[in-house]
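Enquirer: Structure in structure tokens, see below.
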2 protein chains.
Amino acid sequence: MAQPIDHVNHRRPRKRVAVIDFHRISYVIGMMLLVLTVFMVPPALTDILAGNPDFWVFFGSAFVTGFIGLMMVMSSRGSWSEEIYLKEGFVLTVASWISLCIVATIPFIFFGHGLSLTDAWFEAVSGLTTTGATILNNLDDLPPGILLWRSIIQWIGGIGIVLMALIMLPFLRVGGMQLFQTESSDRSDKIVAKSSELVRLIATTYFVMTAMCGMAYAAAGMSAFDALNHAMTTIATAGFSTHDLSFGHFENPAIHWIGFVFLLSASLPLVLYIKFARTGDFAVWNDTQVRGFLKFAATAIIAMSLWYYATRDVALIDALRIVAFNSISIISTAGFTLGDYTAWGPGAVGVFFLFMFMGGCTGSTTGGIKAFRIQVMLIASRNYLRKLVSPNRVVVPVYNGKQLPTEISTSVLAYISVMFISIMVFTVVLSFFGLGFVEAVSAATSSLTNVGPALGPQIGPAGTFAELPDNAKLLLTSGMLLGRLEFFTVLVVFSRDFWR
Amino acid sequence: MAQPIDHVNHRRPRKRVAVIDFHRISYVIGMMLLVLTVFMVPPALTDILAGNPDFWVFFGSAFVTGFIGLMMVMSSRGSWSEEIYLKEGFVLTVASWISLCIVATIPFIFFGHGLSLTDAWFEAVSGLTTTGATILNNLDDLPPGILLWRSIIQWIGGIGIVLMALIMLPFLRVGGMQLFQTESSDRSDKIVAKSSELVRLIATTYFVMTAMCGMAYAAAGMSAFDALNHAMTTIATAGFSTHDLSFGHFENPAIHWIGFVFLLSASLPLVLYIKFARTGDFAVWNDTQVRGFLKFAATAIIAMSLWYYATRDVALIDALRIVAFNSISIISTAGFTLGDYTAWGPGAVGVFFLFMFMGGCTGSTTGGIKAFRIQVMLIASRNYLRKLVSPNRVVVPVYNGKQLPTEISTSVLAYISVMFISIMVFTVVLSFFGLGFVEAVSAATSSLTNVGPALGPQIGPAGTFAELPDNAKLLLTSGMLLGRLEFFTVLVVFSRDFWR
């Protein structure tokens, strides 16, 4: 039962969890829609510049979105108080992602080109959640406006994830994220103004990284338009490309290496770069999560490259490039492709399926389980093993130099269990929607971990999701949102206990 | 660090964990080998009666096994003390399963018929762990002795599992099994003589169930030999048959229903029947695990039967029979087949893949996750969800009318996490051994959950494991042992901490 406010003990403050002010939620979401409206202008201008009549798609969408956003803000003016309570936090997080997805769908609906309502929704959700699965299979012939829109929603989704992971999830204590509580979230029961400083820093970092990535791509030979689009979707570890062949379109090793470097950089916590800019100390090796992630990625890439080099007729440097790009693309849950790795043989398929689960570090734009959860799981299992051997010994598990409370291990183990249960349930349902076993398991996994491409000839790295039945497409979008919101955020809002 | 014995505080006794008396272990294993020697006589007699020259296979094996067993017992005479300490318990459990597997291999080696050493080992491990995957694909033409031997090792494996689950694992506290501590294991640090009463009761129950099952099969029209073999492998939920077509060989609905009833009965805790015999009270619905398992099985079977009935031209009673038999066969991890369910369409493949993970109740012969762990996982996740909503509320999770300690939830979650990690690792390695994705994932799962058949045309319900590469066969046997010993039992013995 929720604590009535007048029972609050002020010496040991209890969370005021029960307050849900829908006006305040409406205000915040309205503001987000207004921001999204602004982002509809560049695609419109691009289409005008390209002499494409499609520009009305974005002006029309901007009009609709702006109108709705303005209505929501006006009707709930004055309700913003810079304080958010627990239950409000859950509702706000889930409602804002769903709202943004709905609005991001509008340009795809207006765009037409044979896109059904389901297809438009699929593309929008896949974009905003930075999954990167697409139902469009003639990207090279599409007008620039819609391509830019796809990249923009991934870019917005990417920063949305980072901010959610840094500010909202530690506050909500979802999936062990309380381990990453910052000053703005661990002291009290509300998110206070201090966050705005963090938001500003993160946004700046994100923007600078994107600019650097775009300039590098352009310098290596990409057109300005391609460089812009790929920079946005690289830093968001998202995976939409402007070409059907994805990075395979660019027969230029330099571009592949730039992609590799920025995908790797975007898999690390963004606060790392802020710290670096402030202190000049690039403290990569002091962070258990970053060290573990880099070790895993390096080991996997080197081993796979040697295998690739040994089993076919290719220069070692090319083997390294092809393996490194494709591996980091799946590990970081971006989902760009450079050739069809599923054609490398059964061993590669197994490894890339494993990669789908990984994800980068918490506080980055990546999806998946993420390095810290895998580490906490291993520590918890090892700790359990030790207790089996010596029941009387008191073992204090440590993570990143700090004691690891049981609460965190339990959160993480519950997260991983629920993730696997979800994959199983999605697999069964997708099977009944007619997908073969490989397609069903891999599509379930790929959507719930926000990777993008699945396995198999149809929806693998060389295919698109266009031909799937509508019910499968809708199910997969719910999987993308469930995975993106780290499962429990959604489950909580849809639980009976929440609304009692 | 282990506690030196003289530090033991006698008022709150600490576990004396460090004592490992290899003489004692050798004595117990030697006794087991002598028991196994006795069980080699019936196959020899069967071959003599059938006029088959193969009888020497079993006399030879009995000679070798008996000799080794006698040596082990004689050399360690007098060391048995009816007390086993913690570390000893781990070593004894792992060593005895491996020893029995090695000895069970001998008749298959002597048998010849083109079986390589790897094949013989595979068949023996698959038998003793009651997995039921086979590399023999001409069962109908084989001499009766070897068929009987296959059934006997499954039957012995079955009772071995029940006794291990009731006596050893709660004592070792593996995978949350301390929830099932009985008087004989929860009071002190050693397994004492009280266990022998339990062993006697379980053995009697197991024997009576097998006899009833065999008589029912014979009454329904099976030959005496088939009835004996299938009764042994049914009650052990093991899966070896005397026919390539498994239960598809018997075109007799009554036999299928008898199989269904006894597979279901064997999926419940055997102590249930002991209680019933003593008190006349068949307390099925008072046990959370049994209730949950029966509800799940009933729901799954009814839903699948209706789907099967609706999608093809078959009588409802036949749909129910075919679906019920195949479903309980996989849920109980027996692995008998009645037709090829993977030909029912993609939906069925997804469902049967899910079934592979389930298992029956703890204290039965089944493998897999088992009902109680799934329930504890759901309770832990639900509890965590509640805490997210109301951080101040004290929620005490309850299982089977008793408070569920955090220790148990953590054990169970660690168990499930380690199981999924193992499936992933096995999948990757099997992929590199050349198995396709479907084969690799399903063979990894099927061996680690001790089901038997995997998916795909080669190793699915209609195939055998004969054509797999040797390294894959060896890996799968290690998976069967790992799963059978509930992961942590093996991991503990192979951990560095154990031997420090």
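Chains: A, B, ... in order of the structure tokens. Residues: from 1 per chain. Ligands: from 1, in order shown.
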Near A:Thr118, within 8 Å and counting only C-alpha atoms, which residues show up once chain neighbours fewer than 5 positions away are dropped, as a list in words?
Expert: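 In the requested form, the answer reads Asp470, Lys473 and Leu474 of chain A.
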Enquirer: Hey, can you spit out that residue selection with N, CA and C atoms as a compact mmCIF listing (two decimals), in the first residue's frame?
Expert:
# COMPACT_ATOMS: atom_id res chain seq x y z
N ASP A 470 1.32 -9.01 -40.58
CA ASP A 470 1.09 -7.82 -39.77
C ASP A 470 1.11 -8.09 -38.27
N LYS A 473 4.60 -8.22 -37.10
CA LYS A 473 5.20 -6.88 -37.05
C LYS A 473 4.77 -6.14 -35.78
N LEU A 474 3.48 -6.22 -35.47
CA LEU A 474 2.97 -5.52 -34.28
C LEU A 474 3.58 -6.11 -33.01
Enquirer: Residues of stretch 138-346 of chain B classed as helix (DSSP H, G or I) by DSSP on the backbone are to be reported as number ranges by chain.
Expert: B: 139-141, 144-172, 174-180, 183-186, 194-220, 224-235, 246-249, 253-266, 271-279, 284-286, 288-311, 316-331, 341-344, 346
Enquirer: Give me the chain A side of the contact with chain B, cut-off 8 Å, one line per residue showing its nearest atom pair and distance in Å at one decimal, counting only C-alpha atoms, sorted by chain and residue number, as a tab-separated table.
Expert:
residue	atom	partner	partner_atom	distance
A:Met1	CA	B:Arg393	CA	6.6
A:Ala2	CA	B:Ser390	CA	6.2
A:Gln3	CA	B:Asn392	CA	7.8
A:Arg14	CA	B:Asn392	CA	7.0
A:Lys15	CA	B:Asn392	CA	7.3
A:Val17	CA	B:Ser390	CA	6.9
A:Leu86	CA	B:Val389	CA	7.6
A:Lys87	CA	B:Val389	CA	6.8
A:Leu172	CA	B:Leu388	CA	6.9
A:Arg173	CA	B:Leu388	CA	6.7
A:Val174	CA	B:Leu388	CA	7.3
A:Gly345	CA	B:Gly434	CA	7.9
A:Pro346	CA	B:Ser431	CA	5.0
A:Gly347	CA	B:Phe432	CA	3.9
A:Ala348	CA	B:Ser431	CA	7.5
A:Val349	CA	B:Phe437	CA	6.8
A:Gly350	CA	B:Val428	CA	4.5
A:Val351	CA	B:Val428	CA	5.6
A:Leu354	CA	B:Met424	CA	6.6
A:Met377	CA	B:Ser417	CA	7.6
A:Ala380	CA	B:Ala414	CA	7.2
A:Ser381	CA	B:Ala414	CA	5.6
A:Tyr384	CA	B:Ser411	CA	7.1
A:Leu385	CA	B:Val492	CA	6.1
A:Arg386	CA	B:Asp497	CA	6.7
A:Leu388	CA	B:Arg173	CA	6.7
A:Val389	CA	B:Phe498	CA	6.0
A:Ser390	CA	B:Ala2	CA	6.1
A:Pro391	CA	B:Lys15	CA	7.4
A:Asn392	CA	B:Arg14	CA	6.9
A:Arg393	CA	B:Met1	CA	6.6
A:Thr410	CA	B:Thr410	CA	6.5
A:Ser411	CA	B:Tyr384	CA	7.1
A:Leu413	CA	B:Leu413	CA	5.9
A:Ala414	CA	B:Ser381	CA	5.6
A:Ile416	CA	B:Ser417	CA	7.2
A:Ser417	CA	B:Ser417	CA	6.9
A:Val418	CA	B:Ser381	CA	7.5
A:Met424	CA	B:Leu354	CA	6.6
A:Thr427	CA	B:Gly350	CA	6.2
A:Val428	CA	B:Gly350	CA	4.5
A:Val429	CA	B:Gly347	CA	7.4
A:Leu430	CA	B:Gly347	CA	7.6
A:Ser431	CA	B:Gly347	CA	4.2
A:Phe432	CA	B:Gly347	CA	3.9
A:Phe433	CA	B:Gly347	CA	7.3
A:Gly434	CA	B:Pro346	CA	5.9
A:Leu435	CA	B:Pro346	CA	6.3
A:Gly436	CA	B:Pro346	CA	5.3
A:Phe437	CA	B:Pro346	CA	6.4
A:Val438	CA	B:Val438	CA	6.3
A:Ala440	CA	B:Gly350	CA	8.0
A:Phe488	CA	B:Leu385	CA	7.0
A:Leu491	CA	B:Leu385	CA	7.7
A:Val492	CA	B:Leu385	CA	6.0
A:Asp497	CA	B:Arg386	CA	6.7
A:Phe498	CA	B:Val389	CA	6.0
Enquirer: Restrict the selected residues to C-alpha atoms and save them as a CSV table (one decimal), in the first residue's frame.
Expert:
chain,number,residue,atom,x,y,z
A,1,MET,CA,0.0,0.0,0.0
A,2,ALA,CA,1.2,3.5,-0.8
A,3,GLN,CA,2.1,5.8,2.1
A,14,ARG,CA,9.9,7.9,2.7
A,15,LYS,CA,9.2,8.0,-1.0
A,17,VAL,CA,5.1,7.2,-4.5
A,86,LEU,CA,7.8,7.4,-8.2
A,87,LYS,CA,4.6,6.2,-9.9
A,172,LEU,CA,12.9,4.0,-10.6
A,173,ARG,CA,15.4,1.3,-9.5
A,174,VAL,CA,14.7,-0.8,-12.5
A,345,GLY,CA,28.9,-20.7,-41.9
A,346,PRO,CA,27.1,-22.2,-38.9
A,347,GLY,CA,29.8,-21.2,-36.4
A,348,ALA,CA,29.4,-17.5,-37.2
A,349,VAL,CA,25.6,-17.7,-36.9
A,350,GLY,CA,26.0,-19.1,-33.4
A,351,VAL,CA,28.5,-16.4,-32.4
A,354,LEU,CA,25.3,-14.7,-28.8
A,377,MET,CA,25.3,-12.1,-12.9
A,380,ALA,CA,26.4,-13.4,-8.2
A,381,SER,CA,26.8,-16.9,-9.6
A,384,TYR,CA,26.7,-18.5,-4.8
A,385,LEU,CA,29.2,-21.2,-5.9
A,386,ARG,CA,31.6,-20.1,-3.1
A,388,LEU,CA,28.1,-23.8,-1.7
A,389,VAL,CA,31.7,-24.7,-1.0
A,390,SER,CA,32.0,-22.9,2.3
A,391,PRO,CA,28.6,-22.2,3.8
A,392,ASN,CA,30.1,-20.5,6.9
A,393,ARG,CA,32.3,-18.1,5.1
A,410,THR,CA,18.4,-9.9,-7.3
A,411,SER,CA,17.3,-7.1,-9.6
A,413,LEU,CA,19.0,-11.8,-12.0
A,414,ALA,CA,15.3,-11.0,-12.2
A,416,ILE,CA,17.8,-11.6,-17.1
A,417,SER,CA,15.2,-14.2,-16.1
A,418,VAL,CA,12.3,-12.0,-17.4
A,424,MET,CA,10.5,-17.7,-25.1
A,427,THR,CA,9.2,-17.1,-30.0
A,428,VAL,CA,6.2,-19.3,-29.4
A,429,VAL,CA,3.7,-16.6,-30.5
A,430,LEU,CA,5.8,-15.7,-33.6
A,431,SER,CA,5.8,-19.4,-34.4
A,432,PHE,CA,2.1,-19.5,-34.4
A,433,PHE,CA,2.1,-16.4,-36.6
A,434,GLY,CA,3.9,-18.7,-39.1
A,435,LEU,CA,7.6,-17.8,-38.7
A,436,GLY,CA,10.0,-20.7,-38.9
A,437,PHE,CA,12.0,-21.6,-35.8
A,438,VAL,CA,15.2,-19.7,-36.7
A,440,ALA,CA,11.0,-16.8,-34.6
A,488,PHE,CA,10.2,-3.8,-15.7
A,491,LEU,CA,5.5,-4.5,-16.6
A,492,VAL,CA,5.2,-2.2,-13.5
A,497,ASP,CA,-0.4,-3.6,-7.9
A,498,PHE,CA,0.5,-0.4,-9.6
Enquirer: Could you jot down the atom CA of A:Phe282 to atom CA of A:Ser151 separation for me, Å, one decimal place?
Expert: 29.6 Å
Enquirer: Could you check how far atom CA of A:Met212 sits from atom CA of A:Ile302, in Å to one decimal?
Expert: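 Distance between the two atoms: 26.7 Å.
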Enquirer: At a cut-off of 10 Å, using only C-alpha atoms, what residues contact A:Val64? Leave out same-chain residues fewer than 6 positions from it and give the result as JSON, numbers by chain.
Expert: {"A": [37, 58, 70, 103, 106]}
Enquirer: Keeping only N, CA, C and O atoms, write the selected residues as a PDB file, in the first residue's frame.
Expert:
ATOM      1  N   THR A  37       8.391  18.355 -33.270  1.00  0.00           N
ATOM      2  CA  THR A  37       7.872  19.173 -34.366  1.00  0.00           C
ATOM      3  C   THR A  37       9.004  19.938 -35.052  1.00  0.00           C
ATOM      4  O   THR A  37       9.079  19.992 -36.288  1.00  0.00           O
ATOM      5  N   PHE A  58       6.182  16.425 -44.369  1.00  0.00           N
ATOM      6  CA  PHE A  58       6.747  16.845 -43.097  1.00  0.00           C
ATOM      7  C   PHE A  58       6.095  18.110 -42.557  1.00  0.00           C
ATOM      8  O   PHE A  58       5.912  18.243 -41.353  1.00  0.00           O
ATOM      9  N   LEU A  70       0.964  21.467 -28.581  1.00  0.00           N
ATOM     10  CA  LEU A  70       0.546  22.754 -28.021  1.00  0.00           C
ATOM     11  C   LEU A  70      -0.697  22.595 -27.148  1.00  0.00           C
ATOM     12  O   LEU A  70      -0.776  23.158 -26.048  1.00  0.00           O
ATOM     13  N   VAL A 103       3.707   9.723 -32.738  1.00  0.00           N
ATOM     14  CA  VAL A 103       3.922  10.925 -33.532  1.00  0.00           C
ATOM     15  C   VAL A 103       4.955  10.684 -34.634  1.00  0.00           C
ATOM     16  O   VAL A 103       4.798  11.167 -35.763  1.00  0.00           O
ATOM     17  N   ILE A 106       3.544   9.477 -37.949  1.00  0.00           N
ATOM     18  CA  ILE A 106       2.763  10.348 -38.844  1.00  0.00           C
ATOM     19  C   ILE A 106       3.454  10.593 -40.198  1.00  0.00           C
ATOM     20  O   ILE A 106       2.834  10.388 -41.249  1.00  0.00           O
TER      21      ILE A 106
END
Enquirer: Give me the residues near B:Leu268 as a list of chain:residue names, where near means some atom within 10 Å (using only C-alpha atoms) and where sequence neighbours in that chain fewer than 2 positions away do not count.
Expert: B:Leu263, B:Leu264, B:Ser265, B:Ala266, B:Leu270, B:Val271, B:Leu272, B:Tyr273, B:Val284, B:Gln289, B:Val290, B:Arg291, B:Phe293, B:Leu294, B:Ser332, B:Gly360, B:Cys361, B:Thr362, B:Gly363, B:Ser364, B:Thr365, B:Thr366, B:Ala371
Enquirer: Compile the contact shell of stretch 449-452 of chain B as a VMD selection string: residues with an atom at most 9 Å away, counting only C-alpha atoms, same-chain residues fewer than 3 positions apart removed.
Expert: chain B and resid 126 129 to 134 237 to 240 329 to 336 356 to 359 366 to 369 419 443 to 446 461 479 to 481 483 to 484
Enquirer: Show which residues sit within 7 Å of B:Phe325, as a ChimeraX atom specification. Count only C-alpha atoms, and ignore same-chain residues fewer than 4 positions away.
Expert: /B:256,260,321,329
Enquirer: I'd like the contact shell of stretch 155-159 of chain A - 9 Å cut-off, only C-alpha atoms, skipping same-chain residues fewer than 2 positions apart - returned as a PyMOL selection string.
Expert: chain A and resi 36+97+127-130+150-153+161-164+202-203+206+232-238+364-366
Enquirer: Store the residues picked out above, limited to C-alpha atoms, as a compact mmCIF listing (two decimals), in the first residue's frame.
Expert:
# COMPACT_ATOMS: atom_id res chain seq x y z
CA LEU A 36 9.84 16.65 -32.26
CA TRP A 97 7.98 6.66 -25.41
CA GLY A 127 13.57 3.97 -35.34
CA LEU A 128 12.89 5.62 -31.99
CA THR A 129 13.90 2.54 -29.99
CA THR A 130 17.12 2.53 -32.10
CA ARG A 150 14.48 7.86 -40.20
CA SER A 151 17.93 8.98 -39.06
CA ILE A 152 16.56 11.83 -36.96
CA ILE A 153 14.17 9.64 -34.97
CA ILE A 161 17.87 6.28 -23.97
CA VAL A 162 20.96 7.80 -22.43
CA LEU A 163 18.99 10.34 -20.45
CA MET A 164 16.49 7.70 -19.36
CA ILE A 202 25.03 14.80 -22.17
CA ALA A 203 23.34 16.63 -25.05
CA TYR A 206 26.13 13.57 -27.96
CA MET A 232 23.32 10.19 -36.47
CA THR A 233 22.51 6.48 -36.63
CA THR A 234 26.07 5.45 -35.67
CA ILE A 235 26.24 7.52 -32.49
CA ALA A 236 22.74 6.29 -31.59
CA THR A 237 23.99 2.68 -32.23
CA ALA A 238 20.76 2.44 -34.12
CA SER A 364 25.24 4.41 -23.66
CA THR A 365 22.69 4.15 -26.46
CA THR A 366 23.04 0.37 -26.73
Enquirer: Using only C-alpha atoms, which residue out of A:Glu486, A:Asp140, A:Glu123, A:Asp318 lies closest to A:Met177?
Expert: A:Glu486
